[in-house]
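Here is the structure we will look at.
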Protein chains: 2
Amino acid sequence: MSSMGDRSVLSGWAATWSVDSADKSTRKMFDLGARLRRESTAPIYDLSLGNPHLEPPPLWRPELIRMLETEPAGQHRYMPNAGFPHVREFVAAREGQRFGLPVTADDVVMTVGAAGAMAIAFRSVLDAGDEVVVPAPYFPEYQHYCRVVDAKLVAVATHRDFSLDVAALERALGPRTRMVILNSPNNPTGALYPKTDLVALADALRRASVSRDRVLYVLEDSPYRDLVYDGTMASSILPHYDDAIHISSHSKDLGLAGERIGFALVSPRSRGRALLQRALAFANRVLGFVSAPALMQRVLPLVLGRPGGRVDAGIYGANAAAFVPELRALGFEVVEPRGGLFLFPRVPEAWIRHFGDRAGDAVVERLAERRTLVVPGSAFGAPEYVRIALCVESQEIEGALSAFRAVCGEGAGGGTG
Amino acid sequence: MSSMGDRSVLSGWAATWSVDSADKSTRKMFDLGARLRRESTAPIYDLSLGNPHLEPPPLWRPELIRMLETEPAGQHRYMPNAGFPHVREFVAAREGQRFGLPVTADDVVMTVGAAGAMAIAFRSVLDAGDEVVVPAPYFPEYQHYCRVVDAKLVAVATHRDFSLDVAALERALGPRTRMVILNSPNNPTGALYPKTDLVALADALRRASVSRDRVLYVLEDSPYRDLVYDGTMASSILPHYDDAIHISSHSKDLGLAGERIGFALVSPRSRGRALLQRALAFANRVLGFVSAPALMQRVLPLVLGRPGGRVDAGIYGANAAAFVPELRALGFEVVEPRGGLFLFPRVPEAWIRHFGDRAGDAVVERLAERRTLVVPGSAFGAPEYVRIALCVESQEIEGALSAFRAVCGEGAGGGTG
């Protein structure tokens with residue numbers, strides 16, 4: 001049996017996927033960054049992964065320590081799969097106020113980050129063969145989440161300014177459509193969907209529902225909702241459409257991406273509300289999460305909504321503002337992001353003429369030679385674009401802009417490659 | 001559409017499962033306990049869920065606090081999906097010593113508890129239709145884990161003393177068998193598989209592998225491995241069989257069930273080792289875990305293997321010793337557990353004659369009337385048994401034993417029902 005190839009040894013699909021998807025993965029850039037760091041001590045300007053660089057807010061650490069120093073027994077054991085009741089009550093009250101809806105603790109399931117919430121929501125409502133409609137460009141992990149449950153992702157292009165094309169979305173709603181994902185502020189584009197567009201989409205979904213015998217869900221994946229640059233609140237579809245699940249995490253507003261804390265919230269107006277609550281908690285259990293980490297659940301009510309209880313998200317807007325005019329001067333087409341962690345510029349026309357569908361990749365490769373890492377738009381189905389993460393220090397922006405200037409100065413026909 | 005039933009609203013499988021499986025779920029007992037607590041303040045003797053009641057060991061809290069007080073920036077961000085490199089190196093060194101194998105950091109993936117490790121291991125090596133052989137009685141969540149990946153669980157009875165029936169296991173290895181799960185010390189039986197049985201099983205697996213073109217994996221699910229009552233080390237099959245994945249967690253030895261920290265370890269001798277490492281990390285990402293919680297990863301090297309760095313597991317053995325003679329005197333057949341959190345006695349013959357396949361359920365129901373909660377053996381495919389969790393205080397044992405005495409005194413024909 002020593003002649004067995006790796007592929008025949010491991011026919012489980014994760015093995016196959018991990019090979020197939022490695023090339024275009026955002027994570028590849030993360031690993032490349034690690035390698036560049038090992039190879040040389042020269043600075044690297046890593047604007048690839050949306051790894052929030054802001055530290056947890058000032059209140060978080062002392063509150064966590066105080067909690068640990070004063071807690072009664074029994075705080076680190078198993079709890080109900082949906083999470084600690086008092087934490088769910090806190091989240092329900094806070095979110096109910098946000099949405100203007102009577103959210104209860106039963107509507108809330110605490111999760112292993114937003115990704116864990118996506119996993120349980122997908123399992124709870126999707127059958128094999130169901131279609132999931134997503135405005136494009138979109139977070140590429142959605143493809144994997146669909147494959148896990150044998151659902152089919154249907155991408156629908158947004159307008160050139162990355163706003164929702166509601167008419168196109170409505171046309172995409174077929175007989176097997178089960179879910180529409182909304183992600184605002186958006187990864188990778190930074191687009192923020194205004195209330196008017198959400199109301200129009202809700203109307204379209206209701207029209208499409210008339211002749212159906214299954215509910216059409218909206219899954220609102222909102223990890224960046226508290227990172228709107230002008231300080232306003234991101235609009236939600238929940239007040240306008242009943243069959244919705246809202247998902248968020250504290251990876252960004254509390255800078256806790258590695259600690260894995262988020263939640264899923266069932267709209268209190270959704271049909272099958274009680275069954276959906278149970279399904280989410282059950283999926284949290286049998287998919288292997290069991291529950292969200294106890295410590296991170298318990299610290300939330302001590303921090304959220306209090307002074308010093310969130311990161312200063314203004315830095316992301318400031319970073320975007322530093323990039324936009326410089327990139328435009330270099331010939332990039334830039335839609336100014338309204339929130340979130342990313343900038344998604346279209347590379348200069350000369351590169352698109354020269355490289356066609358490899359234009360974004362070419363810019364990325366040329367930047368990497370100058371130790372500057374960004375993600376090619378091809379990873380998001382938009383090969384003429386690159387994604388720039390804004391969670392970086394100002395000296396990294398300067399270094400990255402130098403690399404952009406050098407690469408653009410060489411032109412599409414230049415470079416060392 | 002208001003006439004839609006809940007079932008048609010939610011056709012995703014988690015919704016269906018959450019209904020279908022609720023009756024026999026261990027979690028049902030957990031929820032029943034919560035209800036009994038709300039209804040009356042009279043004591044409840046809850047021996048249903050294996051919720052480790054021991055507090056984290058003395059070293060854990062001060063080390064965690066010290067870590068929080070002195071940590072540099074950047075400790076709560078995303079890290080590689082497999083976990084922090086220095087933590088994986090620590091685990092690899094420790095486990096390599098345990099198994100006598102050259103385990104490296106690359107072989108280790110830090111996970112959201114043992115359940116999270118099971119989820120990624122199942123996805124990494126199982127295809128739809130594959131068979132998973134499990135000695136019975138077994139942890140019923142395995143059924144769900146199999147359904148998640150469309151695999152089929154094949155239960156193989158153990159001997160009457162719950163030891164492995166290696167011949168029966170060998171007969172069960174069919175052309176679609178892809179994996180054998182070992183769980184020692186066992187949930188629910190407390191059986192500990194000796195090295196001789198593991199060597200015999202390894203030989204059987206090698207014999208069965210001769211004519212196969214796919215690897216036959218052993219998945220060693222060992223969350224109770226450090227809870228052996230006589231203080232010896234639980235034997236592992238890893239030194240004796242190469243294509244193995246070892247899984248454990250710190251829910252029990254560190255009392256951190258709610259904090260979700262565990263790991264999966266690829267045997268360094270396994271075929272396709274590198275691909276398997278990548279598959280596990282990739283599954284950790286796309287199944288929604290992303291990574292194990294950062295804080296709990298980082299605290300492990302500060303605590304494990306140091307004085308005051310583990311719970312006193314002797315208490316579980318003492319609790320078992322308190323139950324065994326009393327239950328035997330009441331007519332229960334009891335195989336003395338060697339480790340773990342559970343006791344799995346067979347109910348007295350009179351009850352089996354009276355209730356047949358409902359004997360265990362009947363005892364459970366009669367105990368619940370006396371506010372004592374245990375899990376029916378039917379949940380484990382062994383309807384003549386009940387499972388008693390040993391993670392309780394001594395006054396709970398006394399209360400529970402009083403209930404057992406009263407129920408048995410009434411006899412199978414008695415009770416209020």
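Please note that chains go A, B, ... in the order of the structure tokens, that every chain numbers its residues from 1, and that ligands are numbered from 1 in the order shown.
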At a cut-off of 7 Å, which residues of chain A touch chain B? Count only C-alpha atoms and give the answer as a CSV table (one decimal) with C-alpha atoms, in the first residue's frame.
```
chain,number,residue,atom,x,y,z
A,6,ASP,CA,-2.1,11.1,-1.2
A,8,SER,CA,-6.4,7.9,-2.7
A,9,VAL,CA,-5.3,7.9,1.0
A,10,LEU,CA,-7.6,10.8,1.8
A,11,SER,CA,-10.8,10.8,-0.2
A,12,GLY,CA,-12.8,12.8,2.3
A,13,TRP,CA,-13.8,16.0,0.7
A,14,ALA,CA,-12.0,18.4,3.0
A,15,ALA,CA,-8.7,16.8,1.8
A,18,SER,CA,-7.9,21.9,0.9
A,51,ASN,CA,-7.4,40.7,10.8
A,52,PRO,CA,-8.6,43.5,12.9
A,53,HIS,CA,-5.4,45.1,14.3
A,55,GLU,CA,-6.6,46.0,20.5
A,65,ILE,CA,-9.9,40.2,35.0
A,73,ALA,CA,-18.0,28.4,41.1
A,74,GLY,CA,-19.5,26.8,38.0
A,76,HIS,CA,-16.6,27.3,33.0
A,77,ARG,CA,-18.9,24.3,32.7
A,78,TYR,CA,-21.2,23.3,29.9
A,79,MET,CA,-24.2,25.6,29.7
A,112,VAL,CA,-18.4,30.6,17.8
A,115,ALA,CA,-18.7,32.0,11.0
A,116,GLY,CA,-20.1,29.6,13.5
A,119,ALA,CA,-22.7,27.3,9.8
A,123,ARG,CA,-27.7,23.8,8.4
A,124,SER,CA,-31.0,24.9,10.0
A,125,VAL,CA,-32.7,26.1,6.9
A,126,LEU,CA,-31.0,24.7,3.8
A,127,ASP,CA,-31.6,21.4,2.1
A,141,GLU,CA,-16.1,31.6,2.2
A,144,HIS,CA,-17.5,26.8,1.1
A,145,TYR,CA,-20.4,27.2,3.5
A,214,ARG,CA,-41.3,27.4,1.5
A,215,VAL,CA,-40.1,30.4,3.3
A,255,GLY,CA,-11.1,43.3,18.5
A,256,LEU,CA,-11.7,39.7,19.5
A,257,ALA,CA,-11.4,37.8,16.2
A,258,GLY,CA,-9.3,35.0,17.8
A,259,GLU,CA,-11.6,34.6,20.7
A,260,ARG,CA,-14.6,33.4,18.6
A,271,ARG,CA,-42.6,32.1,10.7
A,272,GLY,CA,-41.6,28.9,12.5
A,275,LEU,CA,-38.6,25.7,15.6
A,276,LEU,CA,-35.9,27.9,14.1
A,278,ARG,CA,-34.4,25.1,18.5
A,279,ALA,CA,-32.8,24.2,15.2
A,282,PHE,CA,-29.4,21.9,18.0
A,283,ALA,CA,-27.1,22.6,15.1
A,286,VAL,CA,-24.2,18.5,16.7
A,287,LEU,CA,-22.0,20.4,14.4
A,288,GLY,CA,-19.4,20.3,17.1
A,289,PHE,CA,-19.5,23.9,18.5
A,293,PRO,CA,-16.8,30.1,24.7
A,294,ALA,CA,-18.1,30.8,28.2
A,295,LEU,CA,-15.7,33.6,29.2
```
Problem set entry | DSSP strand (DSSP E) selection over segment 102-254 of chain B, as a PyMOL selection string | chain B and resi 108-111+131-136+152-157+177-182+217-221+244-249
Suppose we keep N, CA and C atoms; can you now write the selection as a compact mmCIF listing (two decimals), in the first residue's frame?
```txt
# COMPACT_ATOMS: atom_id res chain seq x y z
N VAL B 108 -0.60 18.80 14.82
CA VAL B 108 -1.59 19.21 15.83
C VAL B 108 -2.49 20.33 15.29
N VAL B 109 -3.77 20.18 15.45
CA VAL B 109 -4.72 21.26 15.17
C VAL B 109 -5.49 21.54 16.46
N MET B 110 -5.39 22.77 16.95
CA MET B 110 -6.15 23.16 18.15
C MET B 110 -7.61 23.37 17.73
N THR B 111 -8.54 22.89 18.57
CA THR B 111 -9.94 22.85 18.16
C THR B 111 -10.89 23.39 19.23
N GLU B 131 -18.84 3.88 6.12
CA GLU B 131 -19.28 3.31 7.38
C GLU B 131 -18.27 3.59 8.49
N VAL B 132 -18.81 3.86 9.66
CA VAL B 132 -18.01 4.15 10.85
C VAL B 132 -18.37 3.09 11.90
N VAL B 133 -17.40 2.27 12.25
CA VAL B 133 -17.63 1.20 13.21
C VAL B 133 -17.36 1.70 14.63
N VAL B 134 -18.30 1.43 15.53
CA VAL B 134 -18.19 1.92 16.91
C VAL B 134 -18.57 0.81 17.88
N PRO B 135 -17.71 0.51 18.86
CA PRO B 135 -18.11 -0.42 19.91
C PRO B 135 -19.31 0.16 20.68
N ALA B 136 -20.30 -0.69 20.97
CA ALA B 136 -21.51 -0.24 21.67
C ALA B 136 -21.52 -0.82 23.08
N LYS B 152 -22.52 6.27 7.74
CA LYS B 152 -23.41 5.32 8.43
C LYS B 152 -22.68 4.75 9.64
N LEU B 153 -23.31 4.85 10.79
CA LEU B 153 -22.73 4.30 12.00
C LEU B 153 -23.07 2.82 12.11
N VAL B 154 -22.04 2.01 12.33
CA VAL B 154 -22.23 0.56 12.50
C VAL B 154 -21.82 0.21 13.93
N ALA B 155 -22.80 -0.10 14.77
CA ALA B 155 -22.52 -0.41 16.17
C ALA B 155 -22.17 -1.89 16.32
N VAL B 156 -21.14 -2.17 17.09
CA VAL B 156 -20.70 -3.55 17.35
C VAL B 156 -20.70 -3.76 18.86
N ALA B 157 -21.50 -4.69 19.33
CA ALA B 157 -21.63 -4.90 20.77
C ALA B 157 -20.29 -5.27 21.40
N THR B 177 -16.29 0.34 5.13
CA THR B 177 -15.79 0.83 6.42
C THR B 177 -14.59 1.75 6.19
N ARG B 178 -14.66 2.91 6.79
CA ARG B 178 -13.59 3.89 6.61
C ARG B 178 -12.93 4.23 7.95
N MET B 179 -13.65 3.98 9.05
CA MET B 179 -13.17 4.47 10.33
C MET B 179 -13.70 3.60 11.46
N VAL B 180 -12.84 3.43 12.48
CA VAL B 180 -13.28 2.81 13.73
C VAL B 180 -13.07 3.85 14.82
N ILE B 181 -14.10 4.09 15.63
CA ILE B 181 -13.97 5.03 16.74
C ILE B 181 -13.67 4.26 18.01
N LEU B 182 -12.66 4.71 18.75
CA LEU B 182 -12.37 4.17 20.08
C LEU B 182 -12.57 5.29 21.09
N TYR B 217 -9.09 4.16 9.01
CA TYR B 217 -8.65 5.02 10.10
C TYR B 217 -9.17 4.58 11.46
N VAL B 218 -8.36 4.81 12.48
CA VAL B 218 -8.87 4.78 13.85
C VAL B 218 -8.97 6.22 14.33
N LEU B 219 -10.15 6.57 14.84
CA LEU B 219 -10.33 7.88 15.46
C LEU B 219 -10.42 7.63 16.96
N GLU B 220 -9.43 8.10 17.66
CA GLU B 220 -9.37 7.87 19.10
C GLU B 220 -9.95 9.11 19.79
N ASP B 221 -11.16 8.97 20.29
CA ASP B 221 -11.87 10.09 20.94
C ASP B 221 -11.66 9.94 22.44
N ALA B 244 -4.03 6.76 12.36
CA ALA B 244 -4.87 7.10 13.50
C ALA B 244 -4.86 8.61 13.74
N ILE B 245 -6.00 9.08 14.23
CA ILE B 245 -6.13 10.48 14.67
C ILE B 245 -6.55 10.43 16.13
N HIS B 246 -5.83 11.14 16.95
CA HIS B 246 -6.13 11.19 18.38
C HIS B 246 -6.78 12.52 18.70
N ILE B 247 -7.85 12.46 19.47
CA ILE B 247 -8.59 13.67 19.82
C ILE B 247 -8.76 13.75 21.33
N SER B 248 -8.56 14.92 21.89
CA SER B 248 -8.87 15.08 23.31
C SER B 248 -9.28 16.54 23.56
N SER B 249 -9.64 16.82 24.79
CA SER B 249 -10.03 18.18 25.13
C SER B 249 -9.57 18.46 26.55
```
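Once Ala389 of chain B and its same-chain neighbours fewer than 6 positions away are set aside, Leu47, Ser48, Leu49, Gly50, Leu341, Phe342, Leu343 and Val374 of chain B remain within 8 Å of it when counting only C-alpha atoms.
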Seminar exercise, completed: Between A:Gly411, A:Gly377, A:Gly308, A:Gly339, smallest distance to Leu227 of chain A by only C-alpha atoms belongs to A:Gly339
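The interatomic distance for the pair atom CA of Ile237 of chain B and atom CA of Glu89 of chain B works out to 21.9 Å.
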Exercise. Tell me, which residues of segment 128-350 of chain A carry DSSP alpha helix (DSSP H), written as number ranges by chain?
Worked result: A: 141-148, 166-172, 195-209, 273-286, 294-303, 314-329, 349-350
Restrict the selected residues to C-alpha atoms and save them as a compact mmCIF listing (two decimals), in the first residue's frame.
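Here's the written file part-v3.txt:
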```txt
# COMPACT_ATOMS: atom_id res chain seq x y z
CA GLU A 141 -16.08 31.64 2.23
CA TYR A 142 -19.78 31.65 1.29
CA GLN A 143 -18.88 29.18 -1.47
CA HIS A 144 -17.46 26.78 1.08
CA TYR A 145 -20.37 27.25 3.46
CA CYS A 146 -22.69 26.31 0.59
CA ARG A 147 -20.68 23.22 -0.32
CA VAL A 148 -20.78 22.00 3.28
CA VAL A 166 -32.70 44.79 -6.74
CA ALA A 167 -34.21 44.02 -10.14
CA ALA A 168 -31.42 41.56 -10.90
CA LEU A 169 -31.76 39.98 -7.48
CA GLU A 170 -35.50 39.53 -8.04
CA ARG A 171 -34.87 37.87 -11.39
CA ALA A 172 -32.47 35.45 -9.70
CA LYS A 195 -32.79 51.52 3.88
CA THR A 196 -34.50 52.33 0.58
CA ASP A 197 -32.72 49.45 -1.17
CA LEU A 198 -33.50 47.06 1.68
CA VAL A 199 -37.18 48.00 1.58
CA ALA A 200 -37.22 47.47 -2.19
CA LEU A 201 -35.55 44.07 -1.77
CA ALA A 202 -38.04 43.11 0.94
CA ASP A 203 -40.89 43.96 -1.43
CA ALA A 204 -39.31 41.85 -4.14
CA LEU A 205 -38.93 38.91 -1.76
CA ARG A 206 -42.55 39.16 -0.71
CA ARG A 207 -43.64 39.20 -4.36
CA ALA A 208 -41.56 36.12 -5.03
CA SER A 209 -43.00 34.39 -1.97
CA ARG A 273 -39.79 31.10 15.03
CA ALA A 274 -39.73 28.53 17.87
CA LEU A 275 -38.64 25.69 15.63
CA LEU A 276 -35.93 27.86 14.13
CA GLN A 277 -34.64 28.78 17.59
CA ARG A 278 -34.42 25.09 18.48
CA ALA A 279 -32.83 24.18 15.18
CA LEU A 280 -30.07 26.73 15.63
CA ALA A 281 -29.28 25.54 19.16
CA PHE A 282 -29.37 21.92 18.04
CA ALA A 283 -27.06 22.63 15.12
CA ASN A 284 -24.71 24.46 17.50
CA ARG A 285 -24.53 21.19 19.42
CA VAL A 286 -24.24 18.54 16.73
CA ALA A 294 -18.12 30.82 28.22
CA LEU A 295 -15.70 33.57 29.25
CA MET A 296 -16.30 35.61 26.11
CA GLN A 297 -20.07 35.29 26.50
CA ARG A 298 -19.97 36.50 30.08
CA VAL A 299 -17.78 39.52 29.42
CA LEU A 300 -20.14 41.01 26.82
CA PRO A 301 -22.71 42.53 29.22
CA LEU A 302 -19.87 44.08 31.19
CA VAL A 303 -18.41 45.89 28.20
CA GLY A 314 -12.78 55.74 12.91
CA ILE A 315 -9.27 54.55 12.16
CA TYR A 316 -10.59 52.36 9.32
CA GLY A 317 -12.32 55.33 7.72
CA ALA A 318 -9.17 57.40 8.11
CA ASN A 319 -7.12 54.66 6.48
CA ALA A 320 -9.58 54.48 3.60
CA ALA A 321 -9.36 58.24 3.20
CA ALA A 322 -5.55 57.98 3.04
CA PHE A 323 -5.71 55.45 0.22
CA VAL A 324 -8.51 56.71 -2.00
CA PRO A 325 -6.98 59.89 -3.53
CA GLU A 326 -3.55 58.27 -3.93
CA LEU A 327 -4.98 55.24 -5.74
CA ARG A 328 -7.15 57.43 -7.95
CA ALA A 329 -4.09 59.46 -8.88
CA GLU A 349 -7.23 50.39 -17.51
CA ALA A 350 -3.75 49.84 -18.93
```
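For Val228 of chain B, the list of residues within 8 Å, based on only C-alpha atoms and with local chain neighbours fewer than 5 positions off taken out, reads Pro185, Met233, Ala234, Ala313, Arg338, Gly339 and Gly340 of chain B.
Our summary of the geometry notes that atom CA of Leu59 of chain A is positioned 17.7 Å from atom CA of Val87 of chain A.
What separates atom CA of Arg225 of chain B from atom CA of Pro58 of chain B is a distance of 20.6 Å.
Closest approach to Ala92 of chain A from the set A:Pro194, A:Arg370, A:Gly409, A:Ser267 is made by A:Ser267, with distances taken over only C-alpha atoms.
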